[in-house]
file data_24.csv (CSV, C-alpha atoms)
chain,number,residue,atom,x,y,z
C,199,MET,CA,81.3,-63.7,338.5
C,200,LEU,CA,85.0,-63.1,339.3
C,201,HIS,CA,86.0,-64.5,336.0
C,202,THR,CA,83.4,-62.3,334.3
C,203,LEU,CA,84.8,-59.2,336.0
C,204,LEU,CA,88.3,-60.1,334.9
C,205,THR,CA,87.3,-60.4,331.3
C,206,PHE,CA,85.5,-57.1,331.6
C,207,VAL,CA,88.6,-55.2,332.8
C,208,PRO,CA,90.0,-54.7,329.2
C,209,VAL,CA,86.6,-53.3,328.1
C,210,ALA,CA,86.6,-50.9,331.0
C,211,ALA,CA,90.2,-49.9,330.3
C,212,LEU,CA,89.3,-49.1,326.7
C,213,LEU,CA,86.4,-47.0,327.8
C,214,SER,CA,88.5,-45.0,330.2
C,215,ILE,CA,91.5,-44.3,328.1
C,216,THR,CA,89.5,-43.3,325.0
C,217,PRO,CA,89.7,-39.5,324.8
C,218,GLY,CA,86.4,-37.8,325.5
C,219,ALA,CA,84.7,-35.2,327.6
C,220,ALA,CA,85.8,-36.7,330.9
C,221,THR,CA,89.4,-36.7,329.8
C,222,ALA,CA,89.3,-33.1,328.7
C,223,LEU,CA,87.5,-32.1,331.9
C,224,VAL,CA,90.1,-33.9,334.1
C,225,VAL,CA,93.0,-32.2,332.2
C,226,ARG,CA,91.3,-28.8,332.4
C,227,ASN,CA,90.7,-29.0,336.2
C,228,ALA,CA,94.1,-30.5,336.9
C,229,ALA,CA,95.6,-27.5,335.0
C,230,ARG,CA,93.4,-25.1,337.0
C,231,GLY,CA,93.6,-26.5,340.5
C,232,GLY,CA,96.0,-29.4,340.5
C,233,ARG,CA,95.4,-33.0,341.5
C,234,ARG,CA,92.8,-32.1,344.1
C,235,HIS,CA,90.5,-30.6,341.6
C,236,ALA,CA,91.1,-33.5,339.2
C,237,PHE,CA,90.2,-35.9,342.0
C,238,PHE,CA,86.9,-34.1,342.6
C,239,THR,CA,86.2,-34.2,338.9
C,240,THR,CA,86.9,-37.9,338.7
C,241,SER,CA,84.8,-38.6,341.8
C,242,GLY,CA,81.8,-36.8,340.3
C,243,ASN,CA,82.3,-38.7,337.0
C,244,SER,CA,82.5,-42.0,338.9
C,245,ILE,CA,79.3,-41.4,340.8
C,246,GLY,CA,77.6,-40.8,337.4
C,247,VAL,CA,79.0,-44.1,336.1
C,248,LEU,CA,77.7,-45.9,339.1
C,249,ALA,CA,74.3,-44.2,338.6
C,250,TRP,CA,74.2,-45.4,335.0
C,251,GLY,CA,75.0,-48.9,336.2
C,252,CYS,CA,71.9,-48.7,338.4
C,253,PHE,CA,69.9,-47.3,335.5
C,254,ALA,CA,71.0,-50.2,333.3
C,255,ALA,CA,69.9,-52.7,336.0
C,256,VAL,CA,66.4,-51.3,336.4
C,257,GLY,CA,65.8,-50.6,332.8
C,258,ILE,CA,66.1,-46.8,332.7
C,259,ALA,CA,69.2,-47.0,330.5
C,260,THR,CA,67.3,-49.2,328.0
C,261,VAL,CA,64.7,-46.5,327.7
C,262,VAL,CA,67.3,-43.9,327.0
C,263,ALA,CA,69.1,-46.1,324.5
C,264,THR,CA,66.0,-47.2,322.6
C,265,SER,CA,63.7,-44.1,322.7
C,266,ALA,CA,64.7,-41.5,320.2
C,267,ALA,CA,62.9,-38.8,322.1
C,268,VAL,CA,64.4,-39.6,325.5
C,269,PHE,CA,67.9,-40.1,323.9
C,270,ASP,CA,67.6,-36.6,322.3
C,271,VAL,CA,66.6,-35.0,325.6
C,272,VAL,CA,69.6,-36.5,327.4
C,273,LYS,CA,71.8,-35.7,324.4
C,274,LEU,CA,70.9,-32.1,324.3
C,275,ALA,CA,71.3,-31.8,328.1
C,276,GLY,CA,74.8,-33.3,327.8
C,277,ALA,CA,75.7,-31.0,324.9
C,278,ALA,CA,74.5,-28.0,326.9
C,279,VAL,CA,76.6,-29.0,329.9
C,280,LEU,CA,79.7,-29.3,327.7
C,281,LEU,CA,79.1,-26.0,325.9
C,282,VAL,CA,78.6,-24.1,329.2
C,283,ILE,CA,81.8,-25.6,330.7
C,284,GLY,CA,83.7,-25.0,327.5
C,285,LEU,CA,82.6,-21.4,327.2
C,286,ARG,CA,83.4,-20.7,330.8
C,287,SER,CA,86.9,-22.0,330.2
C,288,LEU,CA,87.4,-19.8,327.1
C,289,LEU,CA,86.0,-16.7,328.8
C,290,SER,CA,87.4,-17.2,332.3
C,291,ARG,CA,90.0,-14.7,333.5
C,292,HIS,CA,91.5,-17.5,335.7
C,293,ASP,CA,95.3,-17.0,335.5
C,294,GLY,CA,96.6,-20.3,336.6
C,295,VAL,CA,98.3,-20.7,340.0
C,296,THR,CA,100.5,-18.6,342.3
C,297,ARG,CA,104.2,-19.2,342.7
C,298,SER,CA,103.6,-21.2,345.8
C,299,GLY,CA,101.6,-23.7,343.7
C,300,SER,CA,98.3,-23.1,345.4
C,301,GLY,CA,95.1,-22.6,343.4
C,302,ALA,CA,94.2,-19.1,342.5
C,303,GLY,CA,90.5,-19.7,342.6
C,304,THR,CA,88.1,-19.8,345.4
C,305,ALA,CA,87.6,-22.5,348.0
C,306,SER,CA,84.4,-23.5,346.3
C,307,GLU,CA,86.1,-24.7,343.1
C,308,PRO,CA,86.6,-28.3,344.2
C,309,THR,CA,82.8,-28.6,344.7
C,310,GLY,CA,82.4,-27.1,341.2
C,311,ALA,CA,84.8,-29.6,339.8
C,312,PHE,CA,82.8,-32.4,341.4
C,313,ARG,CA,79.6,-31.0,340.0
C,314,GLU,CA,81.1,-30.7,336.5
C,315,GLY,CA,82.3,-34.3,336.6
C,316,LEU,CA,78.9,-35.6,337.8
C,317,LEU,CA,76.8,-33.6,335.3
C,318,THR,CA,79.0,-34.5,332.4
C,319,SER,CA,78.7,-38.2,333.3
C,320,LEU,CA,74.9,-38.2,334.0
C,321,ALA,CA,74.1,-36.3,330.8
C,322,ASN,CA,76.1,-38.6,328.6
C,323,PRO,CA,73.6,-40.8,326.6
C,324,LYS,CA,76.5,-42.8,325.2
C,325,LEU,CA,76.9,-44.4,328.6
C,326,ALA,CA,73.3,-45.6,328.4
C,327,VAL,CA,74.0,-47.2,325.0
C,328,PHE,CA,77.3,-48.7,326.2
C,329,PHE,CA,75.7,-50.3,329.3
C,330,VAL,CA,72.7,-51.6,327.5
C,331,ALA,CA,74.8,-53.1,324.6
C,332,LEU,CA,77.6,-54.6,326.7
C,333,PHE,CA,76.4,-55.3,330.2
C,334,PRO,CA,74.1,-58.2,329.3
C,335,GLN,CA,77.0,-60.0,327.6
C,336,PHE,CA,79.0,-60.0,330.8
C,337,ILE,CA,76.2,-60.9,333.3
C,338,PRO,CA,76.4,-64.7,334.0
C,339,ARG,CA,73.2,-66.6,333.4
C,340,GLY,CA,71.1,-66.6,336.5
C,341,ALA,CA,73.1,-64.0,338.3
C,342,PRO,CA,71.2,-61.1,339.9
C,343,VAL,CA,71.2,-58.1,337.6
C,344,LEU,CA,71.7,-55.2,339.9
C,345,PRO,CA,74.7,-56.5,341.9
C,346,SER,CA,76.3,-57.6,338.6
C,347,ALA,CA,75.7,-54.2,336.9
C,348,LEU,CA,77.1,-52.4,340.0
C,349,ALA,CA,80.1,-54.7,340.1
C,350,MET,CA,81.0,-53.9,336.4
C,351,ALA,CA,80.3,-50.2,337.0
C,352,ALA,CA,82.7,-50.4,339.9
C,353,VAL,CA,85.4,-51.9,337.7
C,354,ILE,CA,85.0,-48.9,335.3
C,355,VAL,CA,85.2,-46.6,338.3
C,356,GLY,CA,88.4,-48.3,339.5
C,357,VAL,CA,90.1,-48.1,336.1
C,358,ASP,CA,88.9,-44.5,335.8
C,359,LEU,CA,90.5,-43.6,339.2
C,360,VAL,CA,93.9,-45.1,338.1
C,361,TRP,CA,93.9,-43.6,334.7
C,362,TYR,CA,92.6,-40.1,335.5
C,363,SER,CA,94.8,-39.9,338.6
C,364,THR,CA,97.9,-40.7,336.5
C,365,LEU,CA,96.8,-38.1,333.9
C,366,ALA,CA,96.2,-35.5,336.6
C,367,LEU,CA,99.6,-36.2,338.2
C,368,LEU,CA,101.3,-35.6,334.8
C,369,VAL,CA,99.3,-32.4,334.2
C,370,ALA,CA,99.9,-31.1,337.8
C,371,ARG,CA,103.6,-31.6,337.5
C,372,ALA,CA,103.7,-29.8,334.1
C,373,ARG,CA,101.5,-27.1,335.7
C,374,LYS,CA,104.1,-26.4,338.3
C,375,ALA,CA,107.0,-26.4,335.8
C,376,PHE,CA,105.3,-24.0,333.4
C,377,VAL,CA,103.4,-21.8,335.8
C,378,ASP,CA,105.4,-18.6,334.9
C,379,GLY,CA,104.6,-19.0,331.2
C,380,GLY,CA,100.8,-19.1,331.6
C,381,TRP,CA,100.7,-22.7,330.6
C,382,ALA,CA,97.7,-23.5,332.8
C,383,ARG,CA,95.7,-20.8,331.1
C,384,ARG,CA,96.5,-22.1,327.6
C,385,VAL,CA,95.6,-25.6,328.6
C,386,GLU,CA,92.3,-24.4,330.0
C,387,ARG,CA,91.5,-22.6,326.8
C,388,LEU,CA,92.5,-25.6,324.7
C,389,THR,CA,90.3,-28.0,326.7
C,390,GLY,CA,87.5,-25.5,326.7
C,391,ALA,CA,87.6,-25.5,322.9
C,392,VAL,CA,87.7,-29.3,322.9
C,393,LEU,CA,84.6,-29.4,325.2
C,394,ILE,CA,82.7,-27.0,323.0
C,395,GLY,CA,83.6,-29.1,320.0
C,396,LEU,CA,82.4,-32.3,321.8
C,397,GLY,CA,79.2,-30.5,322.8
C,398,ILE,CA,78.5,-29.5,319.3
C,399,ARG,CA,79.2,-33.0,318.0
C,400,LEU,CA,77.0,-34.5,320.6
C,401,ALA,CA,74.1,-32.1,319.8
C,402,LEU,CA,74.4,-33.0,316.1
C,403,GLU,CA,74.9,-36.7,316.6
C,404,ARG,CA,72.2,-39.1,315.5
C,405,ARG,CA,71.4,-42.2,317.6
call {"tool": "encode", "arguments": {"input": "data_24.csv", "output": "structure tokens"}}
result
Amino acid sequence: MLHTLLTFVPVAALLSITPGAATALVVRNAARGGRRHAFFTTSGNSIGVLAWGCFAAVGIATVVATSAAVFDVVKLAGAAVLLVIGLRSLLSRHDGVTRSGSGAGTASEPTGAFREGLLTSLANPKLAVFFVALFPQFIPRGAPVLPSALAMAAVIVGVDLVWYSTLALLVARARKAFVDGGWARRVERLTGAVLIGLGIRLALERR
């Protein structure tokens, strides 16, 4: 199993570094609230990944991946989540951070960042297709399915934490450097537009 997990690491790394909704969301929340908000976003996303690992083990992910009706329901839910977050980013009057570097938003924002990461991950039908297509290839013959699926999902989570933490650090540092120029607000609008585009693409995508 250890050898299998090691061979799975490059696959997990490719999944993590491929730009998508999670990447845009981490960048957006790092620009808004720094590394703390990005960490909450990543934590929510990671719990969603672990949930899909469980779903794959018990067959739920297979239903999502193979049933056109169920896939469309999850797809539209995911598209709605992305569109709502994107529109909130474009319409928000959030003006970045104060000169002291503290967040300008309310104390509830980290919870919101966690919720956004979780919902974006859970409502992503591509994770179902990914797990159903690839997990069986990495589970050793005779190995218990649930522990194997959770172990591989944990590998993805570990890579996510490293990659998104690095990304958040870079964004947070740039955020401090450009705070006087409204840089954070422009990043929020840009990532909001990206999330809207991803939501529209997901809604129109065919299985």
call {"tool": "residues_around", "arguments": {"input": "data_24.csv", "residues": "Ala220 of chain C", "least_positions_apart": "3", "cutoff": "10 Å", "atoms": "all atoms listed in the file", "output": "list in words"}}
result
Ser214, Ile215, Thr216, Pro217, Leu223, Val224, Val225, Arg226, Thr239, Thr240, Asn243, Glu314, Gly315, Leu316, Thr318, Ser319, Asp358, Tyr362 and Leu393 of chain C
call {"tool": "residues_around", "arguments": {"input": "data_24.csv", "residues": "Arg313 of chain C", "least_positions_apart": "3", "cutoff": "12 Å", "atoms": "all atoms listed in the file", "output": "PyMOL selection string"}}
result
chain C and resi 223+227+235-246+279+283+306-310+316-321
call {"tool": "closest_residue", "arguments": {"input": "data_24.csv", "among": "C:Val262, C:Ala311, C:Leu203, C:Ala211", "to": "Pro323 of chain C", "atoms": "only C-alpha atoms"}}
result
C:Val262
call {"tool": "atom_distance", "arguments": {"input": "data_24.csv", "atom1": "atom CA of Asn322 of chain C", "atom2": "atom CA of Gly276 of chain C"}}
result
5.5 Å
call {"tool": "atom_distance", "arguments": {"input": "data_24.csv", "atom1": "atom CA of Ala219 of chain C", "atom2": "atom CA of Val343 of chain C"}}
result
28.4 Å
call {"tool": "closest_residue", "arguments": {"input": "data_24.csv", "among": "C:Val385, C:Leu396, C:Leu325, C:Val272", "to": "Leu213 of chain C", "atoms": "all atoms listed in the file"}}
result
C:Leu325
call {"tool": "residues_near_point", "arguments": {"input": "data_24.csv", "point": "(83.8, -65.2, 337.6)", "cutoff": "12 Å", "atoms": "all atoms listed in the file", "output": "number ranges by chain"}}
result
C: 199-206, 336-339, 341, 346, 349-350
call {"tool": "write_last_selection", "arguments": {"input": "data_24.csv", "atoms": "C-alpha atoms", "output": "tab-separated table (two decimals), in the coordinates of the input"}}
result
chain	number	residue	atom	x	y	z
C	199	MET	CA	81.30	-63.70	338.50
C	200	LEU	CA	85.00	-63.10	339.30
C	201	HIS	CA	86.00	-64.50	336.00
C	202	THR	CA	83.40	-62.30	334.30
C	203	LEU	CA	84.80	-59.20	336.00
C	204	LEU	CA	88.30	-60.10	334.90
C	205	THR	CA	87.30	-60.40	331.30
C	206	PHE	CA	85.50	-57.10	331.60
C	336	PHE	CA	79.00	-60.00	330.80
C	337	ILE	CA	76.20	-60.90	333.30
C	338	PRO	CA	76.40	-64.70	334.00
C	339	ARG	CA	73.20	-66.60	333.40
C	341	ALA	CA	73.10	-64.00	338.30
C	346	SER	CA	76.30	-57.60	338.60
C	349	ALA	CA	80.10	-54.70	340.10
C	350	MET	CA	81.00	-53.90	336.40
call {"tool": "residues_around", "arguments": {"input": "data_24.csv", "residues": "Glu403 of chain C", "least_positions_apart": "2", "cutoff": "10 Å", "atoms": "only C-alpha atoms", "output": "tab-separated table (two decimals) with C-alpha atoms, in the frame of the given file"}}
result
chain	number	residue	atom	x	y	z
C	270	ASP	CA	67.60	-36.60	322.30
C	273	LYS	CA	71.80	-35.70	324.40
C	274	LEU	CA	70.90	-32.10	324.30
C	397	GLY	CA	79.20	-30.50	322.80
C	398	ILE	CA	78.50	-29.50	319.30
C	399	ARG	CA	79.20	-33.00	318.00
C	400	LEU	CA	77.00	-34.50	320.60
C	401	ALA	CA	74.10	-32.10	319.80
C	405	ARG	CA	71.40	-42.20	317.60
call {"tool": "closest_residue", "arguments": {"input": "data_24.csv", "among": "C:Val247, C:Val256, C:Leu402, C:Ala229", "to": "Pro342 of chain C", "atoms": "all atoms listed in the file"}}
result
C:Val256
call {"tool": "atom_distance", "arguments": {"input": "data_24.csv", "atom1": "atom CA of Ala259 of chain C", "atom2": "atom CA of Ile354 of chain C"}}
result
16.6 Å
